[in-house]
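Here's data38.txt, which has compact mmCIF, C-alpha atoms and all ligand atoms:
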```
# COMPACT_ATOMS: atom_id res chain seq x y z
CA MET A 1 141.68 -104.00 -4.80
CA PRO A 2 140.92 -100.54 -3.39
CA THR A 3 137.55 -100.15 -1.67
CA LYS A 4 134.94 -98.43 -3.78
CA GLN A 5 133.49 -95.21 -2.44
CA ASN A 6 129.92 -95.69 -1.29
CA PHE A 7 128.26 -93.32 -3.72
CA ALA A 8 125.68 -94.02 -6.41
CA ILE A 9 126.14 -92.25 -9.73
CA PHE A 10 122.89 -91.92 -11.69
CA LEU A 11 123.55 -90.86 -15.27
CA ASP A 12 120.95 -89.50 -17.64
CA PHE A 13 121.24 -90.81 -21.22
CA ASP A 14 120.06 -88.39 -23.94
CA ASN A 15 122.52 -85.53 -24.36
CA THR A 16 124.38 -86.76 -21.29
CA LEU A 17 125.96 -89.98 -22.60
CA ILE A 18 124.75 -89.79 -26.22
CA ASP A 19 124.77 -86.83 -28.59
CA ASN A 20 121.02 -86.95 -29.13
CA ASP A 21 120.82 -83.74 -31.15
CA SER A 22 123.24 -85.21 -33.72
CA LEU A 23 121.51 -88.57 -33.57
CA LYS A 24 118.21 -86.95 -34.56
CA ASP A 25 119.96 -85.46 -37.61
CA ILE A 26 121.29 -88.91 -38.54
CA ILE A 27 117.85 -90.51 -38.16
CA SER A 28 116.23 -87.73 -40.15
CA SER A 29 118.69 -88.36 -43.02
CA ARG A 30 117.91 -92.09 -42.87
CA ILE A 31 114.15 -91.50 -43.00
CA HIS A 32 114.63 -89.06 -45.86
CA ALA A 33 116.71 -91.60 -47.81
CA MET A 34 114.44 -94.58 -47.10
CA CYS A 35 110.98 -92.99 -47.10
CA GLY A 36 111.22 -89.58 -48.74
CA ASP A 37 110.87 -85.99 -47.61
CA ASP A 38 107.11 -86.00 -46.97
CA VAL A 39 107.30 -88.96 -44.58
CA ASN A 40 110.31 -87.43 -42.85
CA ARG A 41 108.43 -84.19 -42.25
CA GLN A 42 105.28 -86.01 -41.12
CA PHE A 43 107.29 -88.18 -38.76
CA TRP A 44 108.86 -85.26 -36.89
CA ASP A 45 105.45 -83.59 -36.64
CA ALA A 46 104.11 -86.81 -35.11
CA TYR A 47 107.18 -86.94 -32.84
CA GLU A 48 106.37 -83.48 -31.44
CA ARG A 49 102.67 -84.30 -31.11
CA ALA A 50 103.52 -87.47 -29.19
CA ARG A 51 105.98 -85.59 -26.98
CA LEU A 52 103.30 -83.15 -25.90
CA VAL A 53 101.05 -85.92 -24.55
CA ASN A 54 103.23 -86.77 -21.54
CA ASN A 55 106.00 -84.20 -21.95
CA VAL A 56 108.41 -86.99 -22.89
CA VAL A 57 109.66 -88.46 -26.18
CA ASP A 58 107.40 -91.41 -27.07
CA ILE A 59 108.45 -93.09 -30.32
CA PRO A 60 105.81 -95.87 -30.40
CA LEU A 61 103.10 -93.24 -30.01
CA ALA A 62 104.60 -91.17 -32.84
CA PHE A 63 104.55 -94.29 -35.05
CA HIS A 64 100.97 -94.96 -34.03
CA TYR A 65 99.98 -91.47 -35.20
CA MET A 66 101.69 -92.11 -38.54
CA ARG A 67 100.69 -95.69 -39.23
CA HIS A 68 97.33 -95.20 -40.97
CA GLU A 69 98.90 -92.74 -43.42
CA LEU A 70 101.58 -95.17 -44.64
CA THR A 71 101.75 -98.21 -46.89
CA ASP A 72 103.04 -101.38 -45.23
CA GLU A 73 106.36 -101.03 -47.03
CA THR A 74 106.87 -97.41 -46.02
CA ALA A 75 105.89 -98.18 -42.42
CA HIS A 76 108.47 -100.98 -42.37
CA ASN A 77 111.17 -98.71 -43.79
CA LEU A 78 110.35 -95.93 -41.36
CA TRP A 79 110.64 -98.32 -38.43
CA ASP A 80 113.98 -99.62 -39.77
CA ALA A 81 115.32 -96.10 -40.27
CA PHE A 82 114.74 -95.53 -36.57
CA TRP A 83 115.34 -98.94 -35.01
CA ASP A 84 118.63 -99.66 -36.77
CA ALA A 85 120.23 -96.21 -36.57
CA PRO A 86 123.96 -96.25 -35.64
CA TYR A 87 123.48 -95.48 -31.95
CA SER A 88 126.95 -96.47 -30.79
CA SER A 89 128.50 -93.91 -33.14
CA ALA A 90 126.61 -91.09 -31.40
CA ILE A 91 127.94 -91.81 -27.90
CA PHE A 92 130.07 -88.88 -26.69
CA PRO A 93 133.82 -89.57 -27.08
CA GLY A 94 135.35 -91.36 -24.10
CA THR A 95 132.01 -92.25 -22.53
CA LEU A 96 132.36 -96.03 -22.40
CA GLU A 97 135.87 -95.76 -20.95
CA MET A 98 134.55 -93.27 -18.40
CA LEU A 99 131.83 -95.72 -17.34
CA GLN A 100 134.44 -98.39 -16.67
CA GLU A 101 136.49 -95.96 -14.58
CA LEU A 102 133.45 -94.79 -12.60
CA ARG A 103 132.57 -98.41 -11.82
CA GLN A 104 136.06 -98.92 -10.42
CA ARG A 105 135.67 -95.96 -8.13
CA TYR A 106 132.07 -95.96 -6.93
CA ALA A 107 129.74 -98.56 -5.44
CA PHE A 108 126.97 -98.06 -7.99
CA VAL A 109 126.83 -96.60 -11.50
CA GLY A 110 123.59 -96.75 -13.47
CA VAL A 111 121.57 -94.95 -16.11
CA VAL A 112 118.31 -93.24 -15.18
CA SER A 113 116.64 -92.05 -18.35
CA ASP A 114 113.29 -90.58 -19.32
CA GLY A 115 111.49 -92.05 -22.33
CA ASP A 116 109.01 -94.65 -23.53
CA ALA A 117 109.31 -98.27 -22.41
CA VAL A 118 110.02 -99.74 -25.87
CA TYR A 119 112.32 -97.52 -27.88
CA GLN A 120 114.38 -95.89 -25.13
CA PRO A 121 115.72 -99.18 -23.64
CA HIS A 122 116.49 -100.36 -27.20
CA LYS A 123 118.42 -97.19 -27.93
CA ILE A 124 120.46 -97.48 -24.71
CA ASP A 125 121.10 -101.15 -25.44
CA ARG A 126 122.26 -100.53 -29.02
CA SER A 127 124.55 -97.73 -27.89
CA GLY A 128 126.64 -100.23 -25.90
CA VAL A 129 125.84 -98.60 -22.55
CA THR A 130 123.57 -101.40 -21.24
CA ARG A 131 126.40 -103.90 -21.59
CA ALA A 132 128.97 -101.48 -20.17
CA LEU A 133 126.82 -101.16 -17.02
CA ASP A 134 125.76 -104.81 -16.72
CA GLY A 135 122.15 -103.86 -17.36
CA LEU A 136 121.85 -101.25 -14.59
CA ILE A 137 119.40 -99.14 -16.58
CA LYS A 138 116.10 -97.56 -15.52
CA VAL A 139 113.74 -95.87 -17.96
CA PHE A 140 110.82 -93.84 -16.61
CA LEU A 141 108.39 -91.38 -18.15
CA HIS A 142 109.58 -88.86 -15.54
CA LYS A 143 112.43 -89.81 -13.25
CA GLN A 144 111.40 -87.19 -10.66
CA ASP A 145 108.34 -89.35 -9.89
CA HIS A 146 110.54 -92.28 -8.85
CA MET A 147 112.90 -90.90 -6.21
CA ASP A 148 112.03 -93.51 -3.59
CA GLU A 149 112.54 -96.31 -6.09
CA LEU A 150 115.94 -94.89 -7.01
CA LEU A 151 116.99 -94.76 -3.35
CA ARG A 152 115.95 -98.41 -2.95
CA TRP A 153 117.72 -99.43 -6.18
CA ALA A 154 121.13 -98.54 -4.81
CA ALA A 155 122.13 -98.34 -1.16
CA ALA A 156 124.61 -95.47 -0.91
CA ASN A 157 125.74 -92.61 1.30
CA ALA A 158 124.81 -90.07 -1.38
CA TYR A 159 123.40 -90.05 -4.90
CA VAL A 160 124.94 -88.02 -7.70
CA MET A 161 122.39 -87.10 -10.39
CA VAL A 162 124.04 -86.23 -13.70
CA ASP A 163 121.76 -84.65 -16.30
CA ASP A 164 121.71 -82.12 -19.15
CA LYS A 165 118.31 -80.76 -18.04
CA PRO A 166 118.57 -78.24 -15.19
CA ASP A 167 114.85 -78.58 -14.38
CA ILE A 168 115.20 -82.26 -13.55
CA LEU A 169 118.18 -81.59 -11.29
CA ALA A 170 116.31 -78.77 -9.57
CA ASP A 171 113.41 -81.11 -8.76
CA PHE A 172 115.70 -83.65 -7.11
CA LYS A 173 117.50 -80.93 -5.19
CA GLN A 174 114.31 -79.35 -4.00
CA ILE A 175 112.69 -82.55 -2.74
CA LEU A 176 115.63 -84.46 -1.20
CA PRO A 177 118.54 -82.00 -0.91
CA MET A 178 120.50 -84.10 1.60
CA MET A 179 120.38 -87.24 -0.51
CA PHE A 180 120.87 -85.96 -4.07
CA VAL A 181 123.90 -84.09 -5.33
CA THR A 182 123.40 -82.54 -8.76
CA ALA A 183 125.80 -82.32 -11.70
CA HIS A 184 124.68 -80.37 -14.75
CA VAL A 185 126.41 -81.45 -17.94
CA ARG A 186 126.29 -78.60 -20.43
CA GLN A 187 125.80 -80.61 -23.60
CA GLY A 188 122.97 -80.31 -26.11
CA HIS A 189 120.27 -77.70 -26.44
CA TYR A 190 119.60 -77.33 -22.69
CA ALA A 191 123.23 -76.31 -22.03
CA ASN A 192 122.35 -72.69 -21.27
CA SER A 193 118.80 -73.13 -20.00
CA PRO A 194 117.81 -71.03 -16.99
CA ARG A 195 118.22 -72.81 -13.66
CA ALA A 196 115.60 -72.59 -10.93
CA ILE A 197 118.17 -74.01 -8.49
CA GLU A 198 121.89 -73.91 -9.17
CA PRO A 199 123.39 -77.39 -9.62
CA ASP A 200 126.14 -78.44 -7.20
CA VAL A 201 128.57 -78.67 -10.08
CA SER A 202 128.56 -77.88 -13.83
CA LEU A 203 130.50 -79.87 -16.38
CA ASP A 204 131.37 -78.78 -19.92
CA ALA A 205 131.59 -82.40 -21.07
CA ILE A 206 130.46 -85.68 -19.51
CA THR A 207 134.00 -87.03 -19.19
CA ASP A 208 134.84 -84.08 -16.90
CA LEU A 209 132.99 -86.11 -14.25
CA LEU A 210 136.20 -88.09 -13.82
CA HIS A 211 137.93 -84.95 -12.53
CA VAL A 212 135.31 -84.17 -9.88
CA ASP A 213 136.20 -84.97 -6.27
CA ILE A 214 132.89 -86.57 -5.28
CA VAL A 215 133.71 -86.65 -1.55
CA GLU A 216 134.34 -82.91 -1.55
CA LEU A 217 131.29 -82.31 -3.75
CA VAL A 218 128.95 -84.24 -1.43
CA ASP A 219 130.34 -82.47 1.66
CA ARG A 220 129.96 -79.06 0.07
CA ALA A 221 126.46 -79.79 -1.27
CA ARG A 222 125.27 -80.96 2.15
CA ARG A 223 126.79 -77.96 3.92
CA ASN A 224 125.02 -75.66 1.48
CA SER A 225 121.72 -77.46 1.99
CA GLN A 226 122.07 -77.21 5.78
CA GLN A 227 122.85 -73.50 5.57
CA SER A 228 119.90 -72.77 3.31
CA LYS A 229 117.60 -74.48 5.83
CA VAL A 230 118.77 -72.21 8.67
MG MG B 301 118.90 -85.72 -21.23
```

Would you mind writing the structure in this file as structure tokens?
Ligand SMILES: [Mg+2]
Amino acid sequence: MPTKQNFAIFLDFDNTLIDNDSLKDIISSRIHAMCGDDVNRQFWDAYERARLVNNVVDIPLAFHYMRHELTDETAHNLWDAFWDAPYSSAIFPGTLEMLQELRQRYAFVGVVSDGDAVYQPHKIDRSGVTRALDGLIKVFLHKQDHMDELLRWAAANAYVMVDDKPDILADFKQILPMMFVTAHVRQGHYANSPRAIEPDVSLDAITDLLHVDIVELVDRARRNSQQSKV
């Protein structure tokens, strides 16, 4: 068996591995069908309110905001509409196969996602990604606050952060530029967001990661970081 390259690949989840914008449309249709238009509208208002609290999607908190306004039956249906949505059908095409290939090539492949501690792991699990990665999943409120933990999680020569949000990548690059190499995947509504720091590579689709020469990318990223320090 060929030796795996000693890199860690940290993949974001929403709009990186799963088409979250489409998934929200699917869930909205389910809530509409199961609970009606008023509840659907109220839910997404609560979703935005909850998101503003910690600047991260927090589904249990959104439900908490809604609960006192709903009958028991409607609350149950609303939870079902969310909990049992068809997550695996929203995974970007070729993603699970890509994960298998990445695991053949590199020493460590895991998901590092932002979200609440209840719904987000459930969503990743139901999508099939938890099984595909043997449970190598981390969910934080803000991954930028856990850089040291991520470095301890996987021993590697370099860490490739793959994310659809340029701001997150910029934070990693700014704080530990020699450790983290950044790959911006231009999927979802952040695809053309302004970038405070240019990512080391941009991908039009997540499966393009398979065509990136990671050795060359890490070398180039480190040279650029050295030069910008001089
Ligand atoms: Mg994302």

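Atom CA of A:Glu73 to atom CA of A:Pro60 spans 17.4 Å [interatomic distance, one decimal].
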
Residues at most 7 Å from ligand MG 301 (chain B), using only C-alpha atoms and all ligand atoms? Could they come as a CSV table (one decimal) with C-alpha atoms, in the frame of the given file?
```
chain,number,residue,atom,x,y,z
A,12,ASP,CA,121.0,-89.5,-17.6
A,13,PHE,CA,121.2,-90.8,-21.2
A,14,ASP,CA,120.1,-88.4,-23.9
A,15,ASN,CA,122.5,-85.5,-24.4
A,16,THR,CA,124.4,-86.8,-21.3
A,163,ASP,CA,121.8,-84.6,-16.3
A,164,ASP,CA,121.7,-82.1,-19.2
A,165,LYS,CA,118.3,-80.8,-18.0
```

Mind running stretch 139-221 of chain A against stretch 92-109 of chain A at 12 Å and telling me each contacting residue's nearest atom pair with the distance in Å (one decimal), counting only C-alpha atoms, chain and number ascending, as a Markdown table?
```
| residue | atom | partner | partner_atom | distance |
| --- | --- | --- | --- | --- |
| A:Leu150 | CA | A:Phe108 | CA | 11.5 |
| A:Leu151 | CA | A:Phe108 | CA | 11.5 |
| A:Trp153 | CA | A:Phe108 | CA | 9.5 |
| A:Ala154 | CA | A:Phe108 | CA | 6.7 |
| A:Ala155 | CA | A:Phe108 | CA | 8.4 |
| A:Ala156 | CA | A:Ala107 | CA | 7.5 |
| A:Asn157 | CA | A:Ala107 | CA | 9.8 |
| A:Ala158 | CA | A:Phe108 | CA | 10.6 |
| A:Tyr159 | CA | A:Phe108 | CA | 9.3 |
| A:Val160 | CA | A:Val109 | CA | 9.6 |
| A:Met161 | CA | A:Val109 | CA | 10.5 |
| A:Val162 | CA | A:Val109 | CA | 11.0 |
| A:Gln187 | CA | A:Phe92 | CA | 9.8 |
| A:Gly188 | CA | A:Phe92 | CA | 11.1 |
| A:Ala205 | CA | A:Phe92 | CA | 8.7 |
| A:Ile206 | CA | A:Thr95 | CA | 7.4 |
| A:Thr207 | CA | A:Met98 | CA | 6.3 |
| A:Asp208 | CA | A:Met98 | CA | 9.3 |
| A:Leu209 | CA | A:Met98 | CA | 8.4 |
| A:Leu210 | CA | A:Met98 | CA | 7.1 |
| A:His211 | CA | A:Met98 | CA | 10.7 |
| A:Val212 | CA | A:Leu102 | CA | 11.1 |
| A:Asp213 | CA | A:Arg105 | CA | 11.2 |
| A:Ile214 | CA | A:Tyr106 | CA | 9.6 |
| A:Val215 | CA | A:Tyr106 | CA | 10.9 |
```

- Task: Scan for residues within 8 Å of the point (125.0, -81.8, -11.2) in the coordinates of the file, using all atoms listed in the file, and reply as a PyMOL selection string.
- Result: chain A and resi 160-163+169+181-185+199-203

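If you count all atoms listed in the file and ignore residues fewer than 5 places along the chain from A:Val112, what sits within 7 Å of it is Phe10, Leu11, Asp12, Ile137, Lys138 and Val139 of chain A.
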
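Atom CA of A:Ile91 is positioned 20.8 Å from atom CA of A:Pro166.
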
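Atom pair atom CA of A:Ala90 / atom CA of A:Asp19 has a distance of 5.4 Å (rounded to one decimal).
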
- Query: From the list A:Ala117, A:Val111, A:Asp45, A:Asn20, which residue is nearest A:Ser89 when using all atoms listed in the file?
  - Reply: A:Asn20

I'd like the contact shell of A:Leu61 - 10 Å cut-off, all atoms listed in the file, skipping same-chain residues fewer than 5 positions apart - returned as a PDB file with C-alpha atoms, keeping the file's coordinate frame.
```
ATOM      1  CA  ALA A  46     104.110 -86.810 -35.110  1.00  0.00           C
ATOM      2  CA  TYR A  47     107.180 -86.940 -32.840  1.00  0.00           C
ATOM      3  CA  ARG A  49     102.670 -84.300 -31.110  1.00  0.00           C
ATOM      4  CA  ALA A  50     103.520 -87.470 -29.190  1.00  0.00           C
ATOM      5  CA  ARG A  51     105.980 -85.590 -26.980  1.00  0.00           C
ATOM      6  CA  VAL A  53     101.050 -85.920 -24.550  1.00  0.00           C
ATOM      7  CA  MET A  66     101.690 -92.110 -38.540  1.00  0.00           C
ATOM      8  CA  ARG A  67     100.690 -95.690 -39.230  1.00  0.00           C
ATOM      9  CA  ASP A 116     109.010 -94.650 -23.530  1.00  0.00           C
TER      10      ASP A 116
END
```

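Using all atoms listed in the file, the protein and nucleic acid residues lying no more than 12 Å from A:Thr74, apart from those fewer than 2 places from it along its own chain, are Ile31, His32, Ala33, Met34, Cys35, Gly36, Asp38, Val39, Asn40, Phe43, Phe63, Met66, Arg67, His68, Glu69, Leu70, Thr71, Asp72, His76, Asn77, Leu78, Trp79, Asp80 and Ala81 of chain A.
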
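Remark: for A:Lys173, the closest of the candidate residues A:Ile197, A:Leu141, A:Ile18, A:Ala191 is A:Ile197 (distances computed over all atoms listed in the file).
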
Take every atom of stretch 210-221 of chain A listed in the file, pad by 4 Å on each side, and give me the axis-aligned box centre and edge lengths in Å, one decimal, as JSON.
```
{"center_x": 132.2, "center_y": -83.6, "center_z": -6.1, "size_x": 19.5, "size_y": 17.0, "size_z": 23.5}
```

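The closest residue to A:Ser88, picked from A:Asp58, A:Ser113, A:Arg131, A:Ala75 and counting only C-alpha atoms, is A:Arg131.
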